[in-house]
Amino acid sequence: MDAWLNLRRLIDITANETDFGQLDDRSQRVLEWVMHRYNPKDPLFVQSIVLDSRVASPATIHKCLALLDRTGFLSFQVDPADSRRRIVSPTSKAIKTFGVLSRRVAEWANNQAR
């Protein structure tokens with residue numbers, strides 16, 4: 001039980017150290033999905049997120065993507081090969097935020113191992 005409570009405390013503290021904690025749970029999950037699959041050499045399209053992420057309904061995912069755009073975590077560009085598609089990329093803010101989150105989790109894990 002202590003391990004779970006310690007992990008939960010870490011999640012709360014870490015989320016509050018960044019703008020990530022201000023996002024609702026579904027938007028966090030959409031952003032995590034994008035960050036996990038992002039590859040600058042292989043474009044990620046809105047349609048792929050909607051169809052493959054399985055985080056929520058398509059309408060909810062579109063709302064999450066709009067929020068992530070407004071809050072500066074994701075950027076969108078029209079696909080030059082097909083103007084009907086939009087390419088999704090994490091911003092420097094998203095990359096920095098996940099760097100902070102990753103470092104905090106690594107520090108926590110090292111402290112737990114002692």
# chains A, B, ... in the order shown; residues from 1 in each chain; ligands from 1
>>> residues_around(residues="segment 52-55 of chain A", least_positions_apart="6", cutoff="7 Å", atoms="only C-alpha atoms", output="list in words")
Arg26, Arg29, Val30 and Trp33 of chain A
>>> write_last_selection(atoms="N, CA, C and O atoms", output="short mmCIF file (atom, residue, chain, number, x, y, z; two decimals), in the first residue's frame")
data_model
loop_
_atom_site.label_atom_id
_atom_site.label_comp_id
_atom_site.auth_asym_id
_atom_site.auth_seq_id
_atom_site.Cartn_x
_atom_site.Cartn_y
_atom_site.Cartn_z
N ARG A 26 -8.03 12.92 -20.01
CA ARG A 26 -8.05 12.45 -21.40
C ARG A 26 -7.05 13.20 -22.27
O ARG A 26 -6.38 12.60 -23.11
N ARG A 29 -3.73 11.80 -21.64
CA ARG A 29 -3.55 10.50 -22.31
C ARG A 29 -3.32 10.67 -23.81
O ARG A 29 -2.50 9.96 -24.40
N VAL A 30 -4.03 11.61 -24.43
CA VAL A 30 -3.82 11.86 -25.86
C VAL A 30 -2.40 12.37 -26.08
O VAL A 30 -1.69 11.90 -26.99
N TRP A 33 0.04 9.59 -25.75
CA TRP A 33 -0.01 8.74 -26.93
C TRP A 33 0.79 9.36 -28.07
O TRP A 33 1.57 8.68 -28.74
#
>>> residues_around(residues="segment 99-112 of chain A", least_positions_apart="3", cutoff="12 Å", atoms="only C-alpha atoms", output="PyMOL selection string")
chain A and resi 2-4+6-21+32+35+92-96
>>> select_by_dssp(residues="segment 3-59 of chain A", states="alpha helix (DSSP H)", output="PyMOL selection string")
chain A and resi 3-17+25-37+46-52+58-59
>>> residues_around(residues="Ile87 of chain A", least_positions_apart="3", cutoff="10 Å", atoms="only C-alpha atoms", output="list of chain:residue names")
A:Asp42, A:Pro43, A:Leu44, A:Phe45, A:Val46, A:Gln47, A:Ser48, A:Ser75, A:Phe76, A:Gln77, A:Val78, A:Asp79, A:Pro80
>>> write_last_selection(atoms="N, CA, C and O atoms", output="compact mmCIF listing (two decimals), in the first residue's frame")
# COMPACT_ATOMS: atom_id res chain seq x y z
N ASP A 42 8.49 10.26 -39.65
CA ASP A 42 7.26 9.58 -40.03
C ASP A 42 6.08 10.40 -39.50
O ASP A 42 5.74 10.29 -38.32
N PRO A 43 5.46 11.23 -40.34
CA PRO A 43 4.41 12.13 -39.85
C PRO A 43 3.27 11.41 -39.14
O PRO A 43 2.88 10.31 -39.51
N LEU A 44 2.76 12.06 -38.13
CA LEU A 44 1.62 11.56 -37.36
C LEU A 44 0.42 12.43 -37.72
O LEU A 44 0.49 13.65 -37.61
N PHE A 45 -0.65 11.80 -38.16
CA PHE A 45 -1.81 12.53 -38.63
C PHE A 45 -2.93 12.49 -37.60
O PHE A 45 -3.06 11.53 -36.83
N VAL A 46 -3.77 13.52 -37.62
CA VAL A 46 -4.92 13.58 -36.72
C VAL A 46 -5.75 12.31 -36.86
O VAL A 46 -6.16 11.71 -35.86
N GLN A 47 -5.99 11.89 -38.07
CA GLN A 47 -6.79 10.70 -38.31
C GLN A 47 -6.22 9.47 -37.59
O GLN A 47 -6.96 8.66 -37.03
N SER A 48 -4.91 9.34 -37.57
CA SER A 48 -4.28 8.21 -36.87
C SER A 48 -4.55 8.27 -35.37
O SER A 48 -4.79 7.24 -34.74
N SER A 75 1.39 21.13 -32.18
CA SER A 75 1.22 22.03 -33.32
C SER A 75 0.67 21.20 -34.48
O SER A 75 0.87 19.98 -34.55
N PHE A 76 0.01 21.89 -35.38
CA PHE A 76 -0.64 21.23 -36.51
C PHE A 76 -0.23 21.92 -37.80
O PHE A 76 -0.15 23.14 -37.85
N GLN A 77 0.03 21.12 -38.82
CA GLN A 77 0.36 21.65 -40.15
C GLN A 77 -0.45 20.88 -41.19
O GLN A 77 -0.72 19.68 -41.01
N VAL A 78 -0.80 21.55 -42.24
CA VAL A 78 -1.48 20.89 -43.34
C VAL A 78 -0.46 20.01 -44.07
O VAL A 78 0.67 20.44 -44.33
N ASP A 79 -0.85 18.80 -44.38
CA ASP A 79 0.01 17.87 -45.10
C ASP A 79 0.20 18.39 -46.53
O ASP A 79 -0.78 18.57 -47.25
N PRO A 80 1.44 18.66 -46.94
CA PRO A 80 1.65 19.17 -48.30
C PRO A 80 1.22 18.18 -49.38
O PRO A 80 0.90 18.58 -50.50
>>> select_by_dssp(residues="chain A", states="strand (DSSP E or B)", output="compact mmCIF listing (two decimals) with N, CA, C and O atoms, in the first residue's frame")
# COMPACT_ATOMS: atom_id res chain seq x y z
N ASN A 39 7.57 10.52 -34.34
CA ASN A 39 8.84 10.29 -35.01
C ASN A 39 8.94 11.36 -36.10
O ASN A 39 8.13 11.36 -37.04
N ASP A 42 8.49 10.26 -39.65
CA ASP A 42 7.26 9.58 -40.03
C ASP A 42 6.08 10.40 -39.50
O ASP A 42 5.74 10.29 -38.32
N LEU A 44 2.76 12.06 -38.13
CA LEU A 44 1.62 11.56 -37.36
C LEU A 44 0.42 12.43 -37.72
O LEU A 44 0.49 13.65 -37.61
N PHE A 45 -0.65 11.80 -38.16
CA PHE A 45 -1.81 12.53 -38.63
C PHE A 45 -2.93 12.49 -37.60
O PHE A 45 -3.06 11.53 -36.83
N LEU A 74 0.84 20.89 -28.64
CA LEU A 74 0.89 20.31 -29.98
C LEU A 74 0.79 21.40 -31.03
O LEU A 74 0.18 22.44 -30.80
N SER A 75 1.39 21.13 -32.18
CA SER A 75 1.22 22.03 -33.32
C SER A 75 0.67 21.20 -34.48
O SER A 75 0.87 19.98 -34.55
N PHE A 76 0.01 21.89 -35.38
CA PHE A 76 -0.64 21.23 -36.51
C PHE A 76 -0.23 21.92 -37.80
O PHE A 76 -0.15 23.14 -37.85
N GLN A 77 0.03 21.12 -38.82
CA GLN A 77 0.36 21.65 -40.15
C GLN A 77 -0.45 20.88 -41.19
O GLN A 77 -0.72 19.68 -41.01
N VAL A 78 -0.80 21.55 -42.24
CA VAL A 78 -1.48 20.89 -43.34
C VAL A 78 -0.46 20.01 -44.07
O VAL A 78 0.67 20.44 -44.33
N ASP A 79 -0.85 18.80 -44.38
CA ASP A 79 0.01 17.87 -45.10
C ASP A 79 0.20 18.39 -46.53
O ASP A 79 -0.78 18.57 -47.25
N ASP A 82 -1.45 16.14 -49.11
CA ASP A 82 -2.91 16.00 -49.10
C ASP A 82 -3.47 17.05 -48.15
O ASP A 82 -3.41 16.88 -46.93
N SER A 83 -4.01 18.10 -48.69
CA SER A 83 -4.46 19.24 -47.86
C SER A 83 -5.63 18.90 -46.95
O SER A 83 -5.97 19.69 -46.08
N ARG A 84 -6.21 17.71 -47.11
CA ARG A 84 -7.29 17.30 -46.20
C ARG A 84 -6.75 16.77 -44.87
O ARG A 84 -7.49 16.65 -43.90
N ARG A 85 -5.48 16.44 -44.84
CA ARG A 85 -4.88 15.86 -43.63
C ARG A 85 -4.06 16.90 -42.89
O ARG A 85 -3.46 17.78 -43.49
N ARG A 86 -4.03 16.73 -41.54
CA ARG A 86 -3.18 17.60 -40.72
C ARG A 86 -2.14 16.75 -40.00
O ARG A 86 -2.45 15.70 -39.44
N ILE A 87 -0.92 17.24 -40.03
CA ILE A 87 0.20 16.59 -39.35
C ILE A 87 0.29 17.16 -37.95
O ILE A 87 0.24 18.37 -37.74
N VAL A 88 0.44 16.27 -36.98
CA VAL A 88 0.52 16.65 -35.57
C VAL A 88 1.95 16.47 -35.09
O VAL A 88 2.57 15.44 -35.35
N SER A 89 2.46 17.48 -34.38
CA SER A 89 3.81 17.40 -33.81
C SER A 89 3.78 17.96 -32.40
O SER A 89 3.10 18.96 -32.14
N PRO A 90 4.55 17.35 -31.50
CA PRO A 90 4.69 17.96 -30.17
C PRO A 90 5.54 19.23 -30.29
O PRO A 90 6.44 19.31 -31.13
>>> decode(residues="segment 70-107 of chain A", atoms="N, CA, C and O atoms", output="short mmCIF file (atom, residue, chain, number, x, y, z; two decimals), in the first residue's frame")
data_model
loop_
_atom_site.label_atom_id
_atom_site.label_comp_id
_atom_site.auth_asym_id
_atom_site.auth_seq_id
_atom_site.Cartn_x
_atom_site.Cartn_y
_atom_site.Cartn_z
N ARG A 70 -4.31 24.81 -28.13
CA ARG A 70 -4.47 26.09 -27.43
C ARG A 70 -3.46 26.26 -26.30
O ARG A 70 -3.01 27.37 -26.04
N THR A 71 -3.12 25.17 -25.63
CA THR A 71 -2.20 25.26 -24.50
C THR A 71 -0.73 25.14 -24.92
O THR A 71 0.15 25.19 -24.08
N GLY A 72 -0.49 24.97 -26.22
CA GLY A 72 0.87 24.99 -26.73
C GLY A 72 1.63 23.68 -26.64
O GLY A 72 2.85 23.66 -26.78
N PHE A 73 0.93 22.56 -26.43
CA PHE A 73 1.61 21.27 -26.36
C PHE A 73 1.76 20.61 -27.73
O PHE A 73 2.68 19.83 -27.95
N LEU A 74 0.84 20.89 -28.64
CA LEU A 74 0.89 20.31 -29.98
C LEU A 74 0.79 21.40 -31.03
O LEU A 74 0.18 22.44 -30.80
N SER A 75 1.39 21.13 -32.18
CA SER A 75 1.22 22.03 -33.32
C SER A 75 0.67 21.20 -34.48
O SER A 75 0.87 19.98 -34.55
N PHE A 76 0.01 21.89 -35.38
CA PHE A 76 -0.64 21.23 -36.51
C PHE A 76 -0.23 21.92 -37.80
O PHE A 76 -0.15 23.14 -37.85
N GLN A 77 0.03 21.12 -38.82
CA GLN A 77 0.36 21.65 -40.15
C GLN A 77 -0.45 20.88 -41.19
O GLN A 77 -0.72 19.68 -41.01
N VAL A 78 -0.80 21.55 -42.24
CA VAL A 78 -1.48 20.89 -43.34
C VAL A 78 -0.46 20.01 -44.07
O VAL A 78 0.67 20.44 -44.33
N ASP A 79 -0.85 18.80 -44.38
CA ASP A 79 0.01 17.87 -45.10
C ASP A 79 0.20 18.39 -46.53
O ASP A 79 -0.78 18.57 -47.25
N PRO A 80 1.44 18.66 -46.94
CA PRO A 80 1.65 19.17 -48.30
C PRO A 80 1.22 18.18 -49.38
O PRO A 80 0.90 18.58 -50.50
N ALA A 81 1.18 16.90 -49.07
CA ALA A 81 0.79 15.88 -50.04
C ALA A 81 -0.73 15.72 -50.15
O ALA A 81 -1.23 15.23 -51.16
N ASP A 82 -1.45 16.14 -49.11
CA ASP A 82 -2.91 16.00 -49.10
C ASP A 82 -3.47 17.05 -48.15
O ASP A 82 -3.41 16.88 -46.93
N SER A 83 -4.01 18.10 -48.69
CA SER A 83 -4.46 19.24 -47.86
C SER A 83 -5.63 18.90 -46.95
O SER A 83 -5.97 19.69 -46.08
N ARG A 84 -6.21 17.71 -47.11
CA ARG A 84 -7.29 17.30 -46.20
C ARG A 84 -6.75 16.77 -44.87
O ARG A 84 -7.49 16.65 -43.90
N ARG A 85 -5.48 16.44 -44.84
CA ARG A 85 -4.88 15.86 -43.63
C ARG A 85 -4.06 16.90 -42.89
O ARG A 85 -3.46 17.78 -43.49
N ARG A 86 -4.03 16.73 -41.54
CA ARG A 86 -3.18 17.60 -40.72
C ARG A 86 -2.14 16.75 -40.00
O ARG A 86 -2.45 15.70 -39.44
N ILE A 87 -0.92 17.24 -40.03
CA ILE A 87 0.20 16.59 -39.35
C ILE A 87 0.29 17.16 -37.95
O ILE A 87 0.24 18.37 -37.74
N VAL A 88 0.44 16.27 -36.98
CA VAL A 88 0.52 16.65 -35.57
C VAL A 88 1.95 16.47 -35.09
O VAL A 88 2.57 15.44 -35.35
N SER A 89 2.46 17.48 -34.38
CA SER A 89 3.81 17.40 -33.81
C SER A 89 3.78 17.96 -32.40
O SER A 89 3.10 18.96 -32.14
N PRO A 90 4.55 17.35 -31.50
CA PRO A 90 4.69 17.96 -30.17
C PRO A 90 5.54 19.23 -30.29
O PRO A 90 6.44 19.31 -31.13
N THR A 91 5.24 20.19 -29.48
CA THR A 91 6.01 21.43 -29.46
C THR A 91 7.20 21.28 -28.52
O THR A 91 7.32 20.30 -27.80
N SER A 92 8.05 22.29 -28.52
CA SER A 92 9.18 22.27 -27.58
C SER A 92 8.67 22.26 -26.14
O SER A 92 9.29 21.67 -25.27
N LYS A 93 7.52 22.89 -25.90
CA LYS A 93 6.92 22.87 -24.56
C LYS A 93 6.59 21.43 -24.15
O LYS A 93 6.87 21.03 -23.01
N ALA A 94 6.02 20.65 -25.05
CA ALA A 94 5.68 19.26 -24.74
C ALA A 94 6.94 18.44 -24.49
O ALA A 94 7.01 17.66 -23.53
N ILE A 95 7.94 18.63 -25.32
CA ILE A 95 9.19 17.88 -25.18
C ILE A 95 9.86 18.23 -23.86
O ILE A 95 10.33 17.34 -23.12
N LYS A 96 9.90 19.51 -23.53
CA LYS A 96 10.49 19.94 -22.26
C LYS A 96 9.71 19.39 -21.07
O LYS A 96 10.29 18.88 -20.11
N THR A 97 8.40 19.45 -21.15
CA THR A 97 7.56 18.95 -20.06
C THR A 97 7.79 17.47 -19.82
O THR A 97 7.95 17.04 -18.67
N PHE A 98 7.85 16.69 -20.89
CA PHE A 98 8.07 15.25 -20.71
C PHE A 98 9.48 14.96 -20.23
O PHE A 98 9.71 13.97 -19.54
N GLY A 99 10.43 15.82 -20.56
CA GLY A 99 11.77 15.69 -20.00
C GLY A 99 11.77 15.88 -18.49
O GLY A 99 12.39 15.10 -17.75
N VAL A 100 11.06 16.90 -18.03
CA VAL A 100 10.94 17.15 -16.58
C VAL A 100 10.24 15.98 -15.91
O VAL A 100 10.70 15.48 -14.86
N LEU A 101 9.13 15.52 -16.48
CA LEU A 101 8.40 14.39 -15.89
C LEU A 101 9.28 13.14 -15.82
O LEU A 101 9.30 12.46 -14.79
N SER A 102 10.01 12.88 -16.88
CA SER A 102 10.88 11.69 -16.92
C SER A 102 11.99 11.76 -15.87
O SER A 102 12.28 10.77 -15.20
N ARG A 103 12.60 12.94 -15.74
CA ARG A 103 13.66 13.09 -14.74
C ARG A 103 13.12 12.88 -13.33
O ARG A 103 13.76 12.23 -12.50
N ARG A 104 11.95 13.44 -13.04
CA ARG A 104 11.37 13.30 -11.71
C ARG A 104 11.04 11.83 -11.39
O ARG A 104 11.28 11.37 -10.29
N VAL A 105 10.53 11.12 -12.37
CA VAL A 105 10.22 9.71 -12.17
C VAL A 105 11.51 8.92 -11.95
O VAL A 105 11.58 8.05 -11.08
N ALA A 106 12.55 9.21 -12.72
CA ALA A 106 13.83 8.52 -12.55
C ALA A 106 14.41 8.78 -11.17
O ALA A 106 14.91 7.86 -10.51
N GLU A 107 14.34 10.03 -10.72
CA GLU A 107 14.82 10.36 -9.37
C GLU A 107 14.03 9.60 -8.32
O GLU A 107 14.59 9.04 -7.37
#
